[in-house]
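J.: So that you have it, the file is my_file.pdb, and it contains PDB, C-alpha atoms:
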ATOM      1  CA  MET B   1     -39.929 -11.420  72.987
ATOM      2  CA  LYS B   2     -41.721  -9.512  70.242
ATOM      3  CA  LYS B   3     -40.377 -11.983  67.691
ATOM      4  CA  LEU B   4     -41.799 -14.918  69.623
ATOM      5  CA  ILE B   5     -45.255 -13.345  69.735
ATOM      6  CA  ALA B   6     -45.161 -12.561  65.973
ATOM      7  CA  LEU B   7     -44.144 -16.161  65.223
ATOM      8  CA  SER B   8     -46.953 -17.602  67.346
ATOM      9  CA  LEU B   9     -49.540 -15.364  65.615
ATOM     10  CA  VAL B  10     -48.334 -16.452  62.158
ATOM     11  CA  LEU B  11     -48.540 -20.138  63.099
ATOM     12  CA  SER B  12     -51.970 -19.807  64.628
ATOM     13  CA  ALA B  13     -53.424 -18.092  61.542
ATOM     14  CA  SER B  14     -52.708 -20.997  59.156
ATOM     15  CA  PRO B  15     -55.472 -22.083  56.690
ATOM     16  CA  ALA B  16     -55.968 -25.430  58.407
ATOM     17  CA  PHE B  17     -57.371 -23.642  61.458
ATOM     18  CA  ALA B  18     -59.563 -21.301  59.371
ATOM     19  CA  ALA B  19     -62.131 -23.934  58.419
ATOM     20  CA  SER B  20     -64.643 -25.075  60.926
ATOM     21  CA  GLY B  21     -67.321 -27.719  60.763
ATOM     22  CA  PRO B  22     -67.666 -30.719  58.433
ATOM     23  CA  PHE B  23     -65.407 -30.834  55.340
ATOM     24  CA  PHE B  24     -68.163 -31.533  52.747
ATOM     25  CA  SER B  25     -70.180 -28.436  53.528
ATOM     26  CA  LEU B  26     -70.448 -25.253  51.480
ATOM     27  CA  ARG B  27     -69.703 -23.358  54.627
ATOM     28  CA  ASN B  28     -66.256 -24.972  54.747
ATOM     29  CA  THR B  29     -63.896 -22.709  52.775
ATOM     30  CA  ASP B  30     -61.483 -25.520  52.069
ATOM     31  CA  PHE B  31     -64.209 -27.520  50.346
ATOM     32  CA  VAL B  32     -65.387 -24.499  48.336
ATOM     33  CA  VAL B  33     -61.837 -23.805  47.190
ATOM     34  CA  LEU B  34     -61.423 -27.476  46.208
ATOM     35  CA  ILE B  35     -64.643 -27.423  44.161
ATOM     36  CA  ALA B  36     -63.645 -24.125  42.474
ATOM     37  CA  PHE B  37     -60.263 -25.558  41.620
ATOM     38  CA  LEU B  38     -61.801 -28.739  40.152
ATOM     39  CA  ILE B  39     -64.256 -26.650  38.086
ATOM     40  CA  PHE B  40     -61.364 -24.480  36.884
ATOM     41  CA  VAL B  41     -59.366 -27.576  35.864
ATOM     42  CA  GLY B  42     -62.466 -29.047  34.189
ATOM     43  CA  VAL B  43     -63.057 -25.848  32.177
ATOM     44  CA  LEU B  44     -59.402 -25.872  31.138
ATOM     45  CA  LEU B  45     -59.726 -29.498  29.990
ATOM     46  CA  TYR B  46     -63.042 -28.812  28.200
ATOM     47  CA  LEU B  47     -61.563 -25.897  26.317
ATOM     48  CA  LYS B  48     -58.512 -28.046  25.449
ATOM     49  CA  VAL B  49     -56.139 -25.550  26.989
ATOM     50  CA  PRO B  50     -53.522 -28.234  27.794
ATOM     51  CA  GLY B  51     -53.541 -29.404  24.146
ATOM     52  CA  THR B  52     -53.305 -25.823  22.950
ATOM     53  CA  LEU B  53     -50.506 -25.167  25.406
ATOM     54  CA  MET B  54     -48.717 -28.340  24.321
ATOM     55  CA  GLY B  55     -49.182 -27.337  20.669
ATOM     56  CA  MET B  56     -47.792 -23.900  21.371
ATOM     57  CA  LEU B  57     -44.877 -25.413  23.276
ATOM     58  CA  ASP B  58     -44.257 -27.922  20.448
ATOM     59  CA  LYS B  59     -44.442 -25.102  17.902
ATOM     60  CA  ARG B  60     -42.016 -23.055  19.968
ATOM     61  CA  ALA B  61     -39.743 -26.119  20.386
ATOM     62  CA  SER B  62     -39.769 -26.738  16.620
ATOM     63  CA  GLY B  63     -39.059 -23.034  16.012
ATOM     64  CA  ILE B  64     -36.149 -23.181  18.432
ATOM     65  CA  LYS B  65     -34.961 -26.412  16.773
ATOM     66  CA  SER B  66     -35.096 -24.820  13.315
ATOM     67  CA  GLU B  67     -33.285 -21.747  14.627
ATOM     68  CA  LEU B  68     -30.612 -24.009  16.131
ATOM     69  CA  GLU B  69     -30.230 -25.868  12.818
ATOM     70  CA  GLU B  70     -30.026 -22.570  10.974
ATOM     71  CA  ALA B  71     -27.474 -21.308  13.493
ATOM     72  CA  ARG B  72     -25.495 -24.547  13.085
ATOM     73  CA  ALA B  73     -25.593 -24.168   9.297
ATOM     74  CA  LEU B  74     -24.513 -20.521   9.594
ATOM     75  CA  ARG B  75     -21.717 -21.547  11.940
ATOM     76  CA  GLU B  76     -20.475 -24.187   9.495
ATOM     77  CA  GLU B  77     -20.669 -21.671   6.666
ATOM     78  CA  ALA B  78     -18.781 -19.132   8.763
ATOM     79  CA  GLN B  79     -16.118 -21.730   9.597
ATOM     80  CA  THR B  80     -15.790 -22.612   5.916
ATOM     81  CA  LEU B  81     -15.540 -18.942   5.039
ATOM     82  CA  LEU B  82     -12.995 -18.372   7.811
ATOM     83  CA  ALA B  83     -10.892 -21.312   6.583
ATOM     84  CA  SER B  84     -11.086 -19.929   3.047
ATOM     85  CA  TYR B  85      -9.982 -16.475   4.184
ATOM     86  CA  GLU B  86      -7.194 -17.955   6.292
ATOM     87  CA  ARG B  87      -5.996 -19.933   3.257
ATOM     88  CA  LYS B  88      -6.142 -16.831   1.095
ATOM     89  CA  GLN B  89      -4.336 -14.809   3.759
ATOM     90  CA  LYS B  90      -1.639 -17.472   3.960
ATOM     91  CA  GLU B  91      -1.283 -17.524   0.157
ATOM     92  CA  VAL B  92      -1.094 -13.721   0.047
ATOM     93  CA  GLN B  93       1.514 -13.753   2.836
ATOM     94  CA  GLU B  94       3.580 -16.345   0.952
ATOM     95  CA  GLN B  95       3.299 -14.297  -2.229
ATOM     96  CA  ALA B  96       4.337 -11.157  -0.346
ATOM     97  CA  ASP B  97       7.314 -13.035   1.123
ATOM     98  CA  ARG B  98       8.306 -14.209  -2.371
ATOM     99  CA  ILE B  99       7.997 -10.651  -3.712
ATOM    100  CA  VAL B 100      10.122  -9.285  -0.866
ATOM    101  CA  ALA B 101      12.747 -12.012  -1.390
ATOM    102  CA  ALA B 102      12.806 -11.330  -5.147
ATOM    103  CA  ALA B 103      13.100  -7.590  -4.524
ATOM    104  CA  LYS B 104      15.985  -8.140  -2.104
ATOM    105  CA  GLU B 105      17.725 -10.391  -4.621
ATOM    106  CA  GLU B 106      17.176  -7.858  -7.411
ATOM    107  CA  ALA B 107      18.483  -5.088  -5.177
ATOM    108  CA  THR B 108      21.572  -7.166  -4.380
ATOM    109  CA  VAL B 109      22.154  -7.886  -8.076
ATOM    110  CA  ALA B 110      21.584  -4.209  -8.958
ATOM    111  CA  ALA B 111      24.012  -3.125  -6.240
ATOM    112  CA  GLU B 112      26.612  -5.606  -7.503
ATOM    113  CA  GLU B 113      26.122  -4.375 -11.087
ATOM    114  CA  ALA B 114      26.438  -0.778  -9.877
ATOM    115  CA  ARG B 115      29.701  -1.664  -8.113
ATOM    116  CA  GLU B 116      31.029  -3.316 -11.270
ATOM    117  CA  ASP B 117      29.927  -0.365 -13.407
ATOM    118  CA  LEU B 118      31.575   2.019 -10.939
ATOM    119  CA  LYS B 119      34.805  -0.012 -11.047
ATOM    120  CA  LYS B 120      34.750   0.035 -14.862
ATOM    121  CA  SER B 121      34.004   3.757 -14.901
ATOM    122  CA  ILE B 122      36.836   4.442 -12.471
ATOM    123  CA  ALA B 123      39.180   2.266 -14.556
ATOM    124  CA  ARG B 124      38.173   4.166 -17.736
ATOM    125  CA  ARG B 125      38.693   7.509 -16.034
ATOM    126  CA  ILE B 126      42.070   6.411 -14.685
ATOM    127  CA  ALA B 127      43.060   5.188 -18.148
ATOM    128  CA  ALA B 128      41.847   8.458 -19.703
ATOM    129  CA  ALA B 129      43.731  10.451 -17.069
ATOM    130  CA  GLU B 130      46.871   8.379 -17.642
ATOM    131  CA  GLY B 131      46.479   8.936 -21.402
ATOM    132  CA  GLN B 132      46.104  12.671 -20.860
ATOM    133  CA  ILE B 133      49.135  12.657 -18.577
ATOM    134  CA  ALA B 134      51.182  10.704 -21.163
ATOM    135  CA  SER B 135      49.986  13.036 -23.925
ATOM    136  CA  ALA B 136      50.837  16.098 -21.841
ATOM    137  CA  GLU B 137      54.205  14.574 -20.974
ATOM    138  CA  ALA B 138      54.928  13.806 -24.640
ATOM    139  CA  SER B 139      53.783  17.287 -25.601
ATOM    140  CA  ALA B 140      56.026  18.810 -22.948
ATOM    141  CA  VAL B 141      58.995  16.681 -24.058
ATOM    142  CA  LYS B 142      58.374  17.661 -27.730
ATOM    143  CA  GLU B 143      58.076  21.291 -26.764
ATOM    144  CA  VAL B 144      61.320  21.106 -24.778
ATOM    145  CA  ARG B 145      63.052  19.373 -27.725
ATOM    146  CA  ASP B 146      61.689  21.897 -30.197
ATOM    147  CA  GLN B 147      62.832  24.704 -27.940
ATOM    148  CA  ALA B 148      66.256  23.025 -27.569
ATOM    149  CA  VAL B 149      66.509  22.554 -31.344
ATOM    150  CA  THR B 150      65.501  26.164 -31.918
ATOM    151  CA  ILE B 151      68.063  27.360 -29.388
ATOM    152  CA  ALA B 152      70.722  25.031 -30.869
ATOM    153  CA  ILE B 153      69.970  26.239 -34.395
ATOM    154  CA  GLN B 154      70.127  29.856 -33.281
ATOM    155  CA  ALA B 155      73.392  29.211 -31.449
ATOM    156  CA  ALA B 156      74.822  27.358 -34.466
ATOM    157  CA  ARG B 157      73.750  30.170 -36.784
ATOM    158  CA  ASP B 158      75.419  32.685 -34.556
ATOM    159  CA  VAL B 159      78.612  30.626 -34.353
ATOM    160  CA  ILE B 160      78.652  29.940 -38.101
ATOM    161  CA  ALA B 161      77.875  33.551 -38.950
ATOM    162  CA  LYS B 162      80.818  34.693 -36.895
ATOM    163  CA  GLN B 163      83.269  32.131 -38.266
ATOM    164  CA  MET B 164      82.131  31.736 -41.817
ATOM    165  CA  THR B 165      82.786  33.979 -44.759
ATOM    166  CA  ALA B 166      80.428  34.706 -47.662
ATOM    167  CA  THR B 167      82.150  32.283 -50.080
ATOM    168  CA  GLU B 168      81.979  29.460 -47.584
ATOM    169  CA  ALA B 169      78.311  30.223 -46.948
ATOM    170  CA  ASN B 170      77.543  30.127 -50.673
ATOM    171  CA  LYS B 171      79.378  26.857 -50.965
ATOM    172  CA  LEU B 172      77.406  25.318 -48.090
ATOM    173  CA  ILE B 173      74.136  26.554 -49.593
ATOM    174  CA  ASP B 174      75.007  24.972 -52.945
ATOM    175  CA  GLU B 175      75.857  21.672 -51.249
ATOM    176  CA  ALA B 176      72.580  21.732 -49.290
ATOM    177  CA  ILE B 177      70.621  22.410 -52.477
ATOM    178  CA  GLY B 178      72.416  19.501 -54.141
ATOM    179  CA  GLN B 179      71.568  17.158 -51.240
ATOM    180  CA  VAL B 180      67.895  18.228 -51.289
ATOM    181  CA  ASP B 181      67.785  17.802 -55.065
ATOM    182  CA  ALA B 182      69.281  14.298 -54.791
ATOM    183  CA  LYS B 183      66.826  13.290 -52.065
ATOM    184  CA  LEU B 184      63.758  14.646 -53.854
ATOM    185  CA  HIS B 185      64.583  13.099 -57.285
TER     186      HIS B 185
END
Starting from the file, lay out its structure as structure tokens.

T.:
Amino acid sequence: MKKLIALSLVLSASPAFAASGPFFSLRNTDFVVLIAFLIFVGVLLYLKVPGTLMGMLDKRASGIKSELEEARALREEAQTLLASYERKQKEVQEQADRIVAAAKEEATVAAEEAREDLKKSIARRIAAAEGQIASAEASAVKEVRDQAVTIAIQAARDVIAKQMTATEANKLIDEAIGQVDAKLH
């Protein structure tokens, strides 16, 4: 109910009901407002406010247009720069890939050379060890032979000394001296 009363008061207080009497009278507020509005518009036209406003709007529009063109130019420059950097990045990536591939290949070659060098080194060491073994074996055989010859000579001396007399020994010595003399001359 209160809402209905508030609505009826708002509708009854409209400006159309505020004026009373003839329209073209200075006592009519609608007419006075109309005249004030027309004078206001006339003053605005006399002072060229619409032209000034249009000039300001045109100036602002041209400023916005120049800013848009500048932004478009900056965007194109940025795109060109981005494309250039992307190209450079791609070139650098390709170069890095080539360097990595070359390094891997060099590492493979170096590893293969190291294997070959190791095989050669092992073969040389085996050959040196075999040579040392053969030399030691030959030395041992010579030592055994020398020892056997020494023992055989000692045994022969003992046997001869027991069985031989002084005249036979002198005779053998003379024969040995004769053989040595014949071989040396």

J.: Could you check the closest approach to Leu172 in chain B for each of B:Leu38, B:Val100, B:Ile160, B:Ala107 and tell me which residue wins, using all atoms listed in the file?

T.: B:Ile160

J.: Rounded to one decimal in Å, what is the spacing between CA of Phe24 in chain B and CA of Leu47 in chain B?

T.: 27.8 Å

J.: Report, as AutoDock Vina command-line options, the centre and edge lengths in Å (one decimal) of the axis-aligned box enclosing every listed atom of range 61-64 of chain B, padded by 8 Å on each side.

T.:
--center_x -38.0 --center_y -24.9 --center_z 18.2 --size_x 19.6 --size_y 19.7 --size_z 20.4

J.: Between CA of Ser25 in chain B and CA of Phe37 in chain B, what is the distance, to one decimal in Å?

T.: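 Atom-to-atom, CA of Ser25 in chain B to CA of Phe37 in chain B, that is 15.8 Å.
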